[in-house]
Amino acid sequence: MAMQMSFAGLLLMHRLVRISRQRQLSSRFILHTCNRRQTRTFSTAFVNCNENKGDDSDPSPLSSNLTFRQALLSKRRSLSPLERISSLMPQEAMSPEVMQLRDEQNQEDPEEEANIHTQEEHEAIPKEEDSEIHHASDAAMETDEQEEDKGSIRPTLPGESLLVFGELLVAEFRKKNRVEFKKMFGLEAGARLNSNWGMILHDDIAGQPAGRFLKTGRGTPILIRRPSLEDYVLFMKRGPAIAYPKDAATMMMMMDVSEGDCVLESGSGSGAMSLFLSRAVGCKGSVLSVEVREDHHTRAVLNYNRWRIAWSLRQREEWPDNVQFHRADLCTASSLITGQGFNAVALDMVNPHLVLPTVIPHLHTGAVCAVYLANITQVIDLLEGLRCLALPLLCERIIEVPVREWLVAPALQKDGKYCVRKAPVPEGEQREETETEETITEEPAAFGSFPYIARPHPEQMSHTAFLVKLRKCER
(Lines give C-alpha, C1' and ligand atoms only; values in the text may rest on other atoms or scores of the structure.)
Protein backbone atom coordinates (compact mmCIF):
# COMPACT_ATOMS: atom_id res chain seq x y z
CA MET A 1 0.00 0.00 0.00
CA ALA A 2 2.79 2.39 0.90
CA MET A 3 4.54 1.60 -2.39
CA GLN A 4 1.37 2.50 -4.33
CA MET A 5 1.05 5.87 -2.55
CA SER A 6 4.70 6.73 -3.20
CA PHE A 7 4.29 5.79 -6.85
CA ALA A 8 1.17 7.99 -7.15
CA GLY A 9 3.04 10.87 -5.53
CA LEU A 10 5.94 10.51 -7.91
CA LEU A 11 3.54 10.42 -10.85
CA LEU A 12 1.90 13.65 -9.65
CA MET A 13 5.34 15.21 -9.17
CA HIS A 14 6.29 14.14 -12.68
CA ARG A 15 3.26 15.86 -14.20
CA LEU A 16 3.87 19.07 -12.24
CA VAL A 17 7.50 19.13 -13.34
CA ARG A 18 6.45 18.77 -17.01
CA ILE A 19 4.06 21.74 -16.67
CA SER A 20 6.68 23.89 -14.97
CA ARG A 21 9.20 22.85 -17.63
CA GLN A 22 6.96 24.20 -20.37
CA ARG A 23 6.42 27.48 -18.53
CA GLN A 24 10.12 27.75 -17.84
CA LEU A 25 11.00 27.41 -21.51
CA SER A 26 8.52 30.13 -22.51
CA SER A 27 9.65 32.52 -19.80
CA ARG A 28 13.35 32.04 -20.52
CA PHE A 29 12.99 33.59 -23.95
CA ILE A 30 11.18 36.61 -22.50
CA LEU A 31 13.75 37.02 -19.70
CA HIS A 32 16.61 36.73 -22.14
CA THR A 33 15.23 39.60 -24.23
CA CYS A 34 14.49 41.76 -21.17
CA ASN A 35 17.99 41.14 -19.76
CA ARG A 36 19.57 42.58 -22.88
CA ARG A 37 17.47 45.75 -22.72
CA GLN A 38 17.89 46.14 -18.96
CA THR A 39 21.64 45.66 -19.18
CA ARG A 40 21.93 48.54 -21.65
CA THR A 41 19.60 50.71 -19.59
CA PHE A 42 21.47 49.90 -16.42
CA SER A 43 24.88 50.71 -17.88
CA THR A 44 23.60 54.11 -19.10
CA ALA A 45 21.88 54.91 -15.82
CA PHE A 46 24.97 53.94 -13.86
CA VAL A 47 27.15 56.39 -15.80
CA ASN A 48 24.53 59.15 -15.44
CA CYS A 49 24.38 58.55 -11.71
CA ASN A 50 28.12 59.03 -11.40
CA GLU A 51 27.90 62.22 -13.47
CA ASN A 52 25.20 63.68 -11.22
CA LYS A 53 27.21 62.96 -8.09
CA GLY A 54 30.13 65.00 -9.41
CA ASP A 55 33.02 65.60 -7.04
CA ASP A 56 31.06 64.64 -3.90
CA SER A 57 31.37 60.87 -4.53
CA ASP A 58 34.18 59.15 -6.38
CA PRO A 59 33.36 55.41 -6.29
CA SER A 60 36.24 52.98 -6.57
CA PRO A 61 36.41 50.38 -9.37
CA LEU A 62 35.82 47.59 -6.84
CA SER A 63 32.56 49.06 -5.56
CA SER A 64 31.46 49.76 -9.14
CA ASN A 65 32.07 46.14 -10.15
CA LEU A 66 30.22 44.81 -7.11
CA THR A 67 27.27 47.03 -7.78
CA PHE A 68 27.17 45.98 -11.40
CA ARG A 69 27.46 42.27 -10.46
CA GLN A 70 24.66 42.59 -7.92
CA ALA A 71 22.44 44.27 -10.47
CA LEU A 72 23.02 41.53 -13.04
CA LEU A 73 22.52 38.75 -10.49
CA SER A 74 19.30 40.38 -9.32
CA LYS A 75 17.93 40.01 -12.85
CA ARG A 76 18.22 36.17 -12.75
CA ARG A 77 14.97 34.27 -12.51
CA SER A 78 14.03 33.20 -8.99
CA LEU A 79 13.21 29.52 -8.30
CA SER A 80 9.58 28.41 -8.30
CA PRO A 81 8.12 26.53 -5.29
CA LEU A 82 8.14 23.27 -7.31
CA GLU A 83 11.85 23.65 -8.13
CA ARG A 84 12.66 24.36 -4.50
CA ILE A 85 10.85 21.17 -3.40
CA SER A 86 12.56 19.05 -6.06
CA SER A 87 15.96 20.36 -4.99
CA LEU A 88 15.31 19.12 -1.44
CA MET A 89 14.18 15.61 -2.44
CA PRO A 90 16.75 12.74 -2.62
CA GLN A 91 17.80 11.47 -6.01
CA GLU A 92 16.43 7.97 -5.37
CA ALA A 93 12.84 9.33 -5.08
CA MET A 94 12.98 11.22 -8.39
CA SER A 95 11.95 9.98 -11.78
CA PRO A 96 14.36 10.04 -14.74
CA GLU A 97 12.61 13.05 -16.24
CA VAL A 98 13.03 15.08 -13.06
CA MET A 99 16.72 14.12 -12.90
CA GLN A 100 17.19 15.21 -16.51
CA LEU A 101 15.55 18.59 -15.78
CA ARG A 102 17.79 19.09 -12.74
CA ASP A 103 20.93 18.31 -14.73
CA GLU A 104 19.97 20.80 -17.43
CA GLN A 105 19.44 23.50 -14.78
CA ASN A 106 22.87 22.86 -13.31
CA GLN A 107 24.45 23.12 -16.78
CA GLU A 108 22.80 26.49 -17.46
CA ASP A 109 24.04 28.12 -14.24
CA PRO A 110 27.74 28.07 -15.24
CA GLU A 111 26.80 29.55 -18.61
CA GLU A 112 24.99 32.44 -16.92
CA GLU A 113 27.94 33.01 -14.58
CA ALA A 114 30.27 33.10 -17.57
CA ASN A 115 27.98 35.59 -19.31
CA ILE A 116 28.02 37.79 -16.23
CA HIS A 117 31.82 37.81 -16.09
CA THR A 118 32.01 38.52 -19.82
CA GLN A 119 29.60 41.44 -19.53
CA GLU A 120 31.50 42.81 -16.54
CA GLU A 121 34.76 42.77 -18.47
CA HIS A 122 33.05 44.29 -21.49
CA GLU A 123 31.52 47.12 -19.44
CA ALA A 124 34.62 47.85 -17.36
CA ILE A 125 36.62 49.27 -20.27
CA PRO A 126 33.98 51.74 -21.50
CA LYS A 127 33.43 52.94 -17.93
CA GLU A 128 37.04 54.00 -17.61
CA GLU A 129 36.96 55.64 -21.02
CA ASP A 130 33.64 57.35 -20.27
CA SER A 131 34.93 58.65 -16.95
CA GLU A 132 38.03 60.08 -18.62
CA ILE A 133 35.93 61.69 -21.35
CA HIS A 134 33.49 62.98 -18.73
CA HIS A 135 36.24 64.57 -16.62
CA ALA A 136 37.85 66.07 -19.72
CA SER A 137 34.55 67.54 -20.90
CA ASP A 138 33.88 68.99 -17.43
CA ALA A 139 37.28 70.62 -17.38
CA ALA A 140 36.74 72.04 -20.87
CA MET A 141 33.31 73.39 -19.91
CA GLU A 142 34.68 75.02 -16.75
CA THR A 143 37.48 76.62 -18.75
CA ASP A 144 35.04 77.92 -21.35
CA GLU A 145 32.74 79.31 -18.66
CA GLN A 146 35.65 81.06 -16.93
CA GLU A 147 36.86 82.54 -20.20
CA GLU A 148 33.33 83.61 -21.09
CA ASP A 149 32.83 85.24 -17.68
CA LYS A 150 36.16 87.02 -17.93
CA GLY A 151 35.35 88.24 -21.40
CA SER A 152 31.78 89.32 -20.66
CA ILE A 153 32.30 91.09 -17.30
CA ARG A 154 34.15 94.29 -18.06
CA PRO A 155 33.65 97.98 -17.32
CA THR A 156 31.01 99.58 -19.52
CA LEU A 157 32.86 102.89 -19.95
CA PRO A 158 36.55 103.83 -19.99
CA GLY A 159 37.71 104.75 -16.52
CA GLU A 160 34.65 103.25 -14.84
CA SER A 161 34.99 100.29 -12.51
CA LEU A 162 32.71 97.32 -11.90
CA LEU A 163 30.03 97.44 -9.25
CA VAL A 164 31.43 97.22 -5.73
CA PHE A 165 29.89 97.09 -2.28
CA GLY A 166 28.94 100.50 -0.91
CA GLU A 167 27.74 101.94 -4.23
CA LEU A 168 24.29 103.33 -4.89
CA LEU A 169 22.34 101.50 -7.60
CA VAL A 170 18.96 101.72 -9.27
CA ALA A 171 16.86 98.62 -10.05
CA GLU A 172 14.28 99.10 -12.77
CA PHE A 173 11.68 96.87 -14.40
CA ARG A 174 9.59 97.96 -17.39
CA LYS A 175 6.54 96.26 -18.81
CA LYS A 176 4.81 97.45 -21.97
CA ASN A 177 6.83 100.70 -22.05
CA ARG A 178 5.80 101.53 -18.49
CA VAL A 179 7.96 101.55 -15.36
CA GLU A 180 6.47 98.97 -13.02
CA PHE A 181 9.29 98.91 -10.47
CA LYS A 182 12.07 101.39 -9.70
CA LYS A 183 14.13 101.51 -6.54
CA MET A 184 17.42 103.02 -5.39
CA PHE A 185 19.44 100.97 -2.92
CA GLY A 186 22.93 100.62 -1.51
CA LEU A 187 24.94 97.53 -2.47
CA GLU A 188 25.75 95.58 0.71
CA ALA A 189 27.32 92.17 1.27
CA GLY A 190 24.78 89.51 2.23
CA ALA A 191 21.74 91.71 1.50
CA ARG A 192 18.90 91.03 -0.95
CA LEU A 193 16.96 93.10 -3.45
CA ASN A 194 13.29 92.21 -2.93
CA SER A 195 10.45 92.99 -5.31
CA ASN A 196 7.10 91.59 -6.40
CA TRP A 197 8.90 89.97 -9.33
CA GLY A 198 11.43 88.03 -7.28
CA MET A 199 14.65 88.43 -5.34
CA ILE A 200 18.26 89.10 -6.36
CA LEU A 201 21.22 88.66 -4.02
CA HIS A 202 23.52 91.66 -3.65
CA ASP A 203 26.48 89.26 -3.85
CA ASP A 204 25.39 88.34 -7.39
CA ILE A 205 25.25 92.01 -8.38
CA ALA A 206 28.73 92.88 -7.10
CA GLY A 207 31.40 92.49 -9.78
CA GLN A 208 28.97 93.03 -12.66
CA PRO A 209 29.14 96.01 -15.03
CA ALA A 210 26.49 98.69 -14.68
CA GLY A 211 23.56 98.65 -17.07
CA ARG A 212 23.07 94.88 -17.16
CA PHE A 213 19.85 92.89 -16.87
CA LEU A 214 19.91 90.35 -14.04
CA LYS A 215 17.18 87.75 -13.55
CA THR A 216 15.33 87.31 -10.28
CA GLY A 217 14.47 83.98 -8.72
CA ARG A 218 11.29 83.99 -10.80
CA GLY A 219 13.15 84.65 -14.04
CA THR A 220 12.15 88.32 -14.43
CA PRO A 221 14.93 90.52 -15.93
CA ILE A 222 15.70 93.57 -13.77
CA LEU A 223 17.92 96.38 -15.07
CA ILE A 224 20.69 97.24 -12.59
CA ARG A 225 22.42 100.57 -13.25
CA ARG A 226 24.09 103.44 -11.48
CA PRO A 227 21.89 106.42 -10.63
CA SER A 228 22.31 109.80 -12.23
CA LEU A 229 22.17 112.93 -10.11
CA GLU A 230 18.55 113.34 -11.19
CA ASP A 231 17.73 109.81 -9.98
CA TYR A 232 19.48 110.39 -6.69
CA VAL A 233 17.61 113.63 -6.01
CA LEU A 234 14.26 112.01 -6.73
CA PHE A 235 14.89 108.85 -4.63
CA MET A 236 16.97 110.15 -1.73
CA LYS A 237 15.46 110.54 1.74
CA ARG A 238 13.70 113.86 2.13
CA GLY A 239 12.78 116.23 4.89
CA PRO A 240 10.95 119.06 3.12
CA ALA A 241 9.90 119.01 -0.52
CA ILE A 242 12.77 119.15 -2.99
CA ALA A 243 13.41 121.39 -5.96
CA TYR A 244 12.58 119.04 -8.81
CA PRO A 245 15.20 118.59 -11.52
CA LYS A 246 13.11 120.39 -14.14
CA ASP A 247 12.85 123.46 -11.89
CA ALA A 248 16.46 123.27 -10.73
CA ALA A 249 17.71 123.13 -14.32
CA THR A 250 15.63 126.19 -15.23
CA MET A 251 16.95 128.10 -12.22
CA MET A 252 20.52 127.22 -13.24
CA MET A 253 19.87 128.66 -16.69
CA MET A 254 18.33 131.80 -15.16
CA MET A 255 21.37 132.39 -12.95
CA ASP A 256 23.81 131.33 -15.70
CA VAL A 257 26.00 129.48 -13.21
CA SER A 258 29.36 128.36 -14.56
CA GLU A 259 32.55 126.82 -13.22
CA GLY A 260 34.33 128.94 -10.63
CA ASP A 261 31.26 130.97 -9.54
CA CYS A 262 30.40 131.71 -5.93
CA VAL A 263 26.70 131.10 -5.24
CA LEU A 264 24.54 131.79 -2.19
CA GLU A 265 21.64 129.45 -1.41
CA SER A 266 19.07 130.20 1.25
CA GLY A 267 16.93 127.21 2.18
CA SER A 268 19.01 124.01 2.01
CA GLY A 269 15.93 121.81 2.38
CA SER A 270 16.86 118.21 1.55
CA GLY A 271 20.01 119.21 -0.35
CA ALA A 272 18.77 118.82 -3.94
CA MET A 273 19.62 122.33 -5.12
CA SER A 274 22.92 122.20 -3.26
CA LEU A 275 24.00 119.16 -5.29
CA PHE A 276 23.10 120.75 -8.62
CA LEU A 277 24.98 123.94 -7.70
CA SER A 278 27.97 121.93 -6.49
CA ARG A 279 28.27 120.24 -9.88
CA ALA A 280 27.85 123.52 -11.75
CA VAL A 281 30.53 125.54 -9.92
CA GLY A 282 33.08 122.69 -9.94
CA CYS A 283 36.30 122.50 -7.98
CA LYS A 284 37.13 126.17 -8.49
CA GLY A 285 33.79 127.50 -7.23
CA SER A 286 31.95 127.44 -3.92
CA VAL A 287 28.39 127.29 -2.60
CA LEU A 288 27.20 128.75 0.68
CA SER A 289 23.98 127.02 1.80
CA VAL A 290 22.04 128.43 4.76
CA GLU A 291 19.11 126.72 6.52
CA VAL A 292 17.06 127.84 9.53
CA ARG A 293 15.68 124.50 10.70
CA GLU A 294 18.05 122.02 12.31
CA ASP A 295 16.33 118.87 10.96
CA HIS A 296 16.43 120.19 7.40
CA HIS A 297 20.07 121.17 7.82
CA THR A 298 20.97 117.66 9.05
CA ARG A 299 19.13 115.95 6.21
CA ALA A 300 20.81 118.13 3.57
CA VAL A 301 24.28 117.35 4.95
CA LEU A 302 23.59 113.59 5.04
CA ASN A 303 22.30 113.51 1.47
CA TYR A 304 25.22 115.54 0.21
CA ASN A 305 27.83 113.31 1.90
CA ARG A 306 26.11 110.12 0.78
CA TRP A 307 26.30 111.21 -2.86
CA ARG A 308 29.96 112.14 -2.52
CA ILE A 309 30.81 108.67 -1.14
CA ALA A 310 28.91 106.90 -3.90
CA TRP A 311 30.59 109.05 -6.54
CA SER A 312 34.08 108.28 -5.22
CA LEU A 313 33.39 104.51 -5.42
CA ARG A 314 31.96 104.89 -8.89
CA GLN A 315 34.50 107.16 -10.58
CA ARG A 316 37.52 106.50 -8.34
CA GLU A 317 37.83 110.23 -7.75
CA GLU A 318 36.50 112.64 -5.15
CA TRP A 319 33.40 114.73 -5.69
CA PRO A 320 34.39 118.38 -5.03
CA ASP A 321 33.78 119.37 -1.43
CA ASN A 322 32.65 122.88 -2.37
CA VAL A 323 29.42 123.30 -0.36
CA GLN A 324 29.46 124.90 3.09
CA PHE A 325 26.31 124.22 5.11
CA HIS A 326 25.34 126.64 7.88
CA ARG A 327 22.34 126.71 10.18
CA ALA A 328 21.39 130.34 10.52
CA ASP A 329 18.79 132.95 9.58
CA LEU A 330 19.94 135.38 6.90
CA CYS A 331 17.61 138.06 8.27
CA THR A 332 19.72 138.32 11.44
CA ALA A 333 23.03 136.67 10.42
CA SER A 334 24.43 139.27 8.05
CA SER A 335 27.92 138.64 9.48
CA LEU A 336 27.91 135.24 7.75
CA ILE A 337 28.20 136.86 4.31
CA THR A 338 30.11 139.97 5.27
CA GLY A 339 32.91 140.74 2.83
CA GLN A 340 31.74 138.24 0.22
CA GLY A 341 30.41 138.75 -3.29
CA PHE A 342 28.18 136.29 -5.12
CA ASN A 343 27.71 135.62 -8.80
CA ALA A 344 24.19 134.28 -8.22
CA VAL A 345 21.63 133.80 -5.43
CA ALA A 346 19.03 131.03 -5.16
CA LEU A 347 16.18 131.49 -2.67
CA ASP A 348 13.75 128.72 -1.63
CA MET A 349 11.86 130.26 1.29
CA VAL A 350 8.33 131.00 2.41
CA ASN A 351 8.96 134.77 2.61
CA PRO A 352 11.98 135.54 0.40
CA HIS A 353 11.32 139.28 0.35
CA LEU A 354 12.38 139.45 4.03
CA VAL A 355 16.00 138.48 3.27
CA LEU A 356 16.41 140.53 0.10
CA PRO A 357 17.67 143.67 1.94
CA THR A 358 20.47 141.53 3.47
CA VAL A 359 21.39 139.55 0.34
CA ILE A 360 21.14 142.01 -2.56
CA PRO A 361 24.06 144.27 -1.44
CA HIS A 362 26.39 141.23 -1.80
CA LEU A 363 25.10 140.29 -5.27
CA HIS A 364 27.20 141.38 -8.22
CA THR A 365 25.65 144.04 -10.44
CA GLY A 366 23.94 142.44 -13.38
CA ALA A 367 23.73 139.07 -11.62
CA VAL A 368 20.49 137.18 -11.12
CA CYS A 369 18.56 136.12 -8.03
CA ALA A 370 16.28 133.13 -8.77
CA VAL A 371 13.37 132.57 -6.39
CA TYR A 372 11.52 129.26 -5.98
CA LEU A 373 7.91 129.75 -4.77
CA ALA A 374 5.25 127.09 -4.28
CA ASN A 375 2.06 129.08 -4.89
CA ILE A 376 0.96 132.27 -6.62
CA THR A 377 0.15 134.12 -3.40
CA GLN A 378 3.85 133.99 -2.49
CA VAL A 379 4.66 135.54 -5.86
CA ILE A 380 2.28 138.42 -5.12
CA ASP A 381 3.85 138.99 -1.71
CA LEU A 382 7.31 139.03 -3.29
CA LEU A 383 6.33 141.65 -5.86
CA GLU A 384 4.65 143.74 -3.18
CA GLY A 385 7.82 143.56 -1.08
CA LEU A 386 9.94 144.72 -4.01
CA ARG A 387 7.62 147.70 -4.49
CA CYS A 388 7.77 148.72 -0.84
CA LEU A 389 11.53 148.15 -0.32
CA ALA A 390 12.60 149.99 -3.47
CA LEU A 391 15.48 147.56 -4.11
CA PRO A 392 17.56 147.77 -7.34
CA LEU A 393 15.93 144.64 -8.76
CA LEU A 394 14.17 144.08 -12.04
CA CYS A 395 11.59 141.30 -12.27
CA GLU A 396 12.23 139.80 -15.69
CA ARG A 397 10.21 136.60 -15.71
CA ILE A 398 7.64 134.66 -13.69
CA ILE A 399 7.28 131.20 -15.16
CA GLU A 400 6.02 127.72 -14.46
CA VAL A 401 7.86 124.78 -15.99
CA PRO A 402 5.47 122.10 -17.29
CA VAL A 403 6.75 118.70 -18.37
CA ARG A 404 4.41 116.48 -20.36
CA GLU A 405 5.37 112.88 -20.93
CA TRP A 406 4.12 110.98 -23.97
CA LEU A 407 3.58 107.36 -24.88
CA VAL A 408 4.72 106.46 -28.39
CA ALA A 409 4.59 102.79 -29.35
CA PRO A 410 3.62 100.51 -32.27
CA ALA A 411 -0.09 99.78 -32.57
CA LEU A 412 -1.00 96.33 -31.26
CA GLN A 413 -4.03 94.13 -31.58
CA LYS A 414 -5.72 92.63 -28.53
CA ASP A 415 -3.86 89.36 -29.05
CA GLY A 416 -0.50 91.18 -28.92
CA LYS A 417 0.26 91.10 -32.65
CA TYR A 418 1.35 94.15 -34.62
CA CYS A 419 -1.00 95.94 -36.93
CA VAL A 420 0.07 96.33 -40.56
CA ARG A 421 -0.02 99.66 -42.28
CA LYS A 422 -2.47 99.71 -45.21
CA ALA A 423 -1.80 101.55 -48.41
CA PRO A 424 -4.38 104.24 -49.24
CA VAL A 425 -7.16 103.04 -51.53
CA PRO A 426 -7.94 105.40 -54.47
CA GLU A 427 -11.52 106.54 -54.88
CA GLY A 428 -13.73 104.42 -57.11
CA GLU A 429 -11.65 101.30 -56.59
CA GLN A 430 -12.62 98.41 -54.42
CA ARG A 431 -10.19 96.10 -52.87
CA GLU A 432 -10.74 93.07 -50.79
CA GLU A 433 -9.94 93.46 -47.15
CA THR A 434 -6.73 91.83 -46.15
CA GLU A 435 -5.69 90.70 -42.75
CA THR A 436 -4.34 93.52 -40.62
CA GLU A 437 -2.40 91.25 -38.35
CA GLU A 438 1.08 89.99 -38.78
CA THR A 439 2.91 87.62 -36.52
CA ILE A 440 6.26 88.64 -35.09
CA THR A 441 9.09 87.01 -37.00
CA GLU A 442 12.79 86.84 -36.31
CA GLU A 443 13.59 89.18 -39.20
CA PRO A 444 12.58 92.82 -38.57
CA ALA A 445 9.88 94.22 -40.79
CA ALA A 446 10.63 96.90 -43.35
CA PHE A 447 10.84 100.52 -42.27
CA GLY A 448 7.40 102.10 -41.96
CA SER A 449 5.49 98.82 -41.99
CA PHE A 450 3.83 99.29 -38.58
CA PRO A 451 1.57 102.19 -37.56
CA TYR A 452 2.31 103.97 -34.27
CA ILE A 453 0.10 105.45 -31.61
CA ALA A 454 1.05 108.61 -29.69
CA ARG A 455 -0.80 110.01 -26.70
CA PRO A 456 0.03 111.82 -23.45
CA HIS A 457 1.09 109.62 -20.56
CA PRO A 458 -1.78 108.95 -18.14
CA GLU A 459 0.42 109.90 -15.17
CA GLN A 460 1.61 113.48 -15.51
CA MET A 461 3.59 115.71 -13.16
CA SER A 462 1.43 118.69 -12.38
CA HIS A 463 2.40 122.04 -10.87
CA THR A 464 5.51 122.08 -8.68
CA ALA A 465 6.56 125.72 -8.33
CA PHE A 466 6.68 129.23 -9.76
CA LEU A 467 10.11 130.58 -10.70
CA VAL A 468 10.83 134.29 -10.46
CA LYS A 469 13.88 135.83 -12.13
CA LEU A 470 15.20 139.02 -10.50
CA ARG A 471 18.16 140.89 -11.93
CA LYS A 472 20.19 143.48 -10.03
CA CYS A 473 20.38 146.75 -11.95
CA GLU A 474 22.01 150.07 -10.95
CA ARG A 475 20.62 153.42 -12.13
# chains A, B, ... in the order shown; residues from 1 in each chain; ligands from 1

call {"tool": "closest_atom_pairs", "arguments": {"of": "stretch 310-351 of chain A", "to": "stretch 361-374 of chain A", "cutoff": "6 Å", "atoms": "only C-alpha atoms", "output": "JSON lines"}}
result
{"residue": "A:Gly341", "atom": "CA", "partner": "A:His362", "partner_atom": "CA", "distance": 5.0}
{"residue": "A:Phe342", "atom": "CA", "partner": "A:Leu363", "partner_atom": "CA", "distance": 5.0}
{"residue": "A:Asn343", "atom": "CA", "partner": "A:His364", "partner_atom": "CA", "distance": 5.8}
{"residue": "A:Ala344", "atom": "CA", "partner": "A:Val368", "partner_atom": "CA", "distance": 5.5}
{"residue": "A:Val345", "atom": "CA", "partner": "A:Cys369", "partner_atom": "CA", "distance": 4.6}
{"residue": "A:Ala346", "atom": "CA", "partner": "A:Ala370", "partner_atom": "CA", "distance": 5.0}
{"residue": "A:Leu347", "atom": "CA", "partner": "A:Val371", "partner_atom": "CA", "distance": 4.8}
{"residue": "A:Asp348", "atom": "CA", "partner": "A:Tyr372", "partner_atom": "CA", "distance": 4.9}

call {"tool": "write_last_selection", "arguments": {"atoms": "N, CA and C atoms", "output": "PDB file, in the first residue's frame"}}
result
ATOM      1  N   GLY A 341      31.201 138.384  -2.118  1.00  0.00           N
ATOM      2  CA  GLY A 341      30.414 138.746  -3.289  1.00  0.00           C
ATOM      3  C   GLY A 341      29.974 137.481  -4.005  1.00  0.00           C
ATOM      4  N   PHE A 342      28.754 137.496  -4.511  1.00  0.00           N
ATOM      5  CA  PHE A 342      28.176 136.294  -5.116  1.00  0.00           C
ATOM      6  C   PHE A 342      27.811 136.565  -6.571  1.00  0.00           C
ATOM      7  N   ASN A 343      28.069 135.544  -7.384  1.00  0.00           N
ATOM      8  CA  ASN A 343      27.705 135.617  -8.799  1.00  0.00           C
ATOM      9  C   ASN A 343      26.232 135.295  -9.038  1.00  0.00           C
ATOM     10  N   ALA A 344      25.602 134.621  -8.090  1.00  0.00           N
ATOM     11  CA  ALA A 344      24.186 134.276  -8.216  1.00  0.00           C
ATOM     12  C   ALA A 344      23.647 133.958  -6.828  1.00  0.00           C
ATOM     13  N   VAL A 345      22.323 134.103  -6.691  1.00  0.00           N
ATOM     14  CA  VAL A 345      21.635 133.802  -5.433  1.00  0.00           C
ATOM     15  C   VAL A 345      20.399 132.978  -5.760  1.00  0.00           C
ATOM     16  N   ALA A 346      20.196 131.896  -5.007  1.00  0.00           N
ATOM     17  CA  ALA A 346      19.025 131.031  -5.162  1.00  0.00           C
ATOM     18  C   ALA A 346      18.275 131.011  -3.842  1.00  0.00           C
ATOM     19  N   LEU A 347      17.004 131.408  -3.879  1.00  0.00           N
ATOM     20  CA  LEU A 347      16.184 131.490  -2.670  1.00  0.00           C
ATOM     21  C   LEU A 347      15.024 130.509  -2.778  1.00  0.00           C
ATOM     22  N   ASP A 348      14.871 129.667  -1.743  1.00  0.00           N
ATOM     23  CA  ASP A 348      13.750 128.724  -1.631  1.00  0.00           C
ATOM     24  C   ASP A 348      13.204 128.865  -0.218  1.00  0.00           C
TER      25      ASP A 348
END

call {"tool": "residues_around", "arguments": {"residues": "stretch 240-251 of chain A", "least_positions_apart": "4", "cutoff": "8 Å", "atoms": "only C-alpha atoms", "output": "list in words"}}
result
Glu230, Val233, Leu234, Met255, Gly269, Ser270, Gly271, Ala272, Met273, Phe276, His296, Ala346, Ala370, Val401, Val403, Thr464, Ala465 and Leu467 of chain A

call {"tool": "residues_around", "arguments": {"residues": "A:His353", "least_positions_apart": "4", "cutoff": "9 Å", "atoms": "only C-alpha atoms", "output": "list in words"}}
result
Pro357, Asp381, Leu382, Leu383, Glu384, Gly385, Leu386 and Leu389 of chain A

call {"tool": "write_last_selection", "arguments": {"atoms": "N, CA, C and O atoms", "output": "short mmCIF file (atom, residue, chain, number, x, y, z; two decimals), in the first residue's frame"}}
result
data_model
loop_
_atom_site.label_atom_id
_atom_site.label_comp_id
_atom_site.auth_asym_id
_atom_site.auth_seq_id
_atom_site.Cartn_x
_atom_site.Cartn_y
_atom_site.Cartn_z
N PRO A 357 16.83 142.54 1.52
CA PRO A 357 17.67 143.67 1.94
C PRO A 357 19.05 143.25 2.43
O PRO A 357 20.03 144.01 2.30
N ASP A 381 3.18 138.39 -2.87
CA ASP A 381 3.85 138.99 -1.71
C ASP A 381 5.27 139.43 -2.06
O ASP A 381 5.75 140.47 -1.58
N LEU A 382 5.96 138.66 -2.89
CA LEU A 382 7.31 139.03 -3.29
C LEU A 382 7.30 140.34 -4.10
O LEU A 382 8.11 141.25 -3.85
N LEU A 383 6.40 140.42 -5.06
CA LEU A 383 6.33 141.65 -5.86
C LEU A 383 5.92 142.86 -5.02
O LEU A 383 6.41 143.97 -5.24
N GLU A 384 5.04 142.64 -4.07
CA GLU A 384 4.65 143.74 -3.18
C GLU A 384 5.81 144.16 -2.30
O GLU A 384 6.00 145.36 -2.01
N GLY A 385 6.64 143.20 -1.88
CA GLY A 385 7.82 143.56 -1.08
C GLY A 385 8.83 144.34 -1.90
O GLY A 385 9.47 145.27 -1.39
N LEU A 386 9.01 143.96 -3.15
CA LEU A 386 9.94 144.72 -4.01
C LEU A 386 9.46 146.15 -4.19
O LEU A 386 10.27 147.10 -4.24
N LEU A 389 10.13 148.02 -0.74
CA LEU A 389 11.53 148.15 -0.32
C LEU A 389 12.36 149.00 -1.27
O LEU A 389 13.44 149.47 -0.90
#

call {"tool": "closest_residue", "arguments": {"among": "A:Leu187, A:Ile376, A:Ala300, A:Val257", "to": "A:Met236", "atoms": "only C-alpha atoms"}}
result
A:Ala300

call {"tool": "atom_distance", "arguments": {"atom1": "atom CA of A:Leu162", "atom2": "atom CA of A:Glu318"}}
result
17.2 Å

call {"tool": "closest_residue", "arguments": {"among": "A:Glu294, A:Glu265, A:Asp231, A:Glu400", "to": "A:His463", "atoms": "only C-alpha atoms"}}
result
A:Glu400
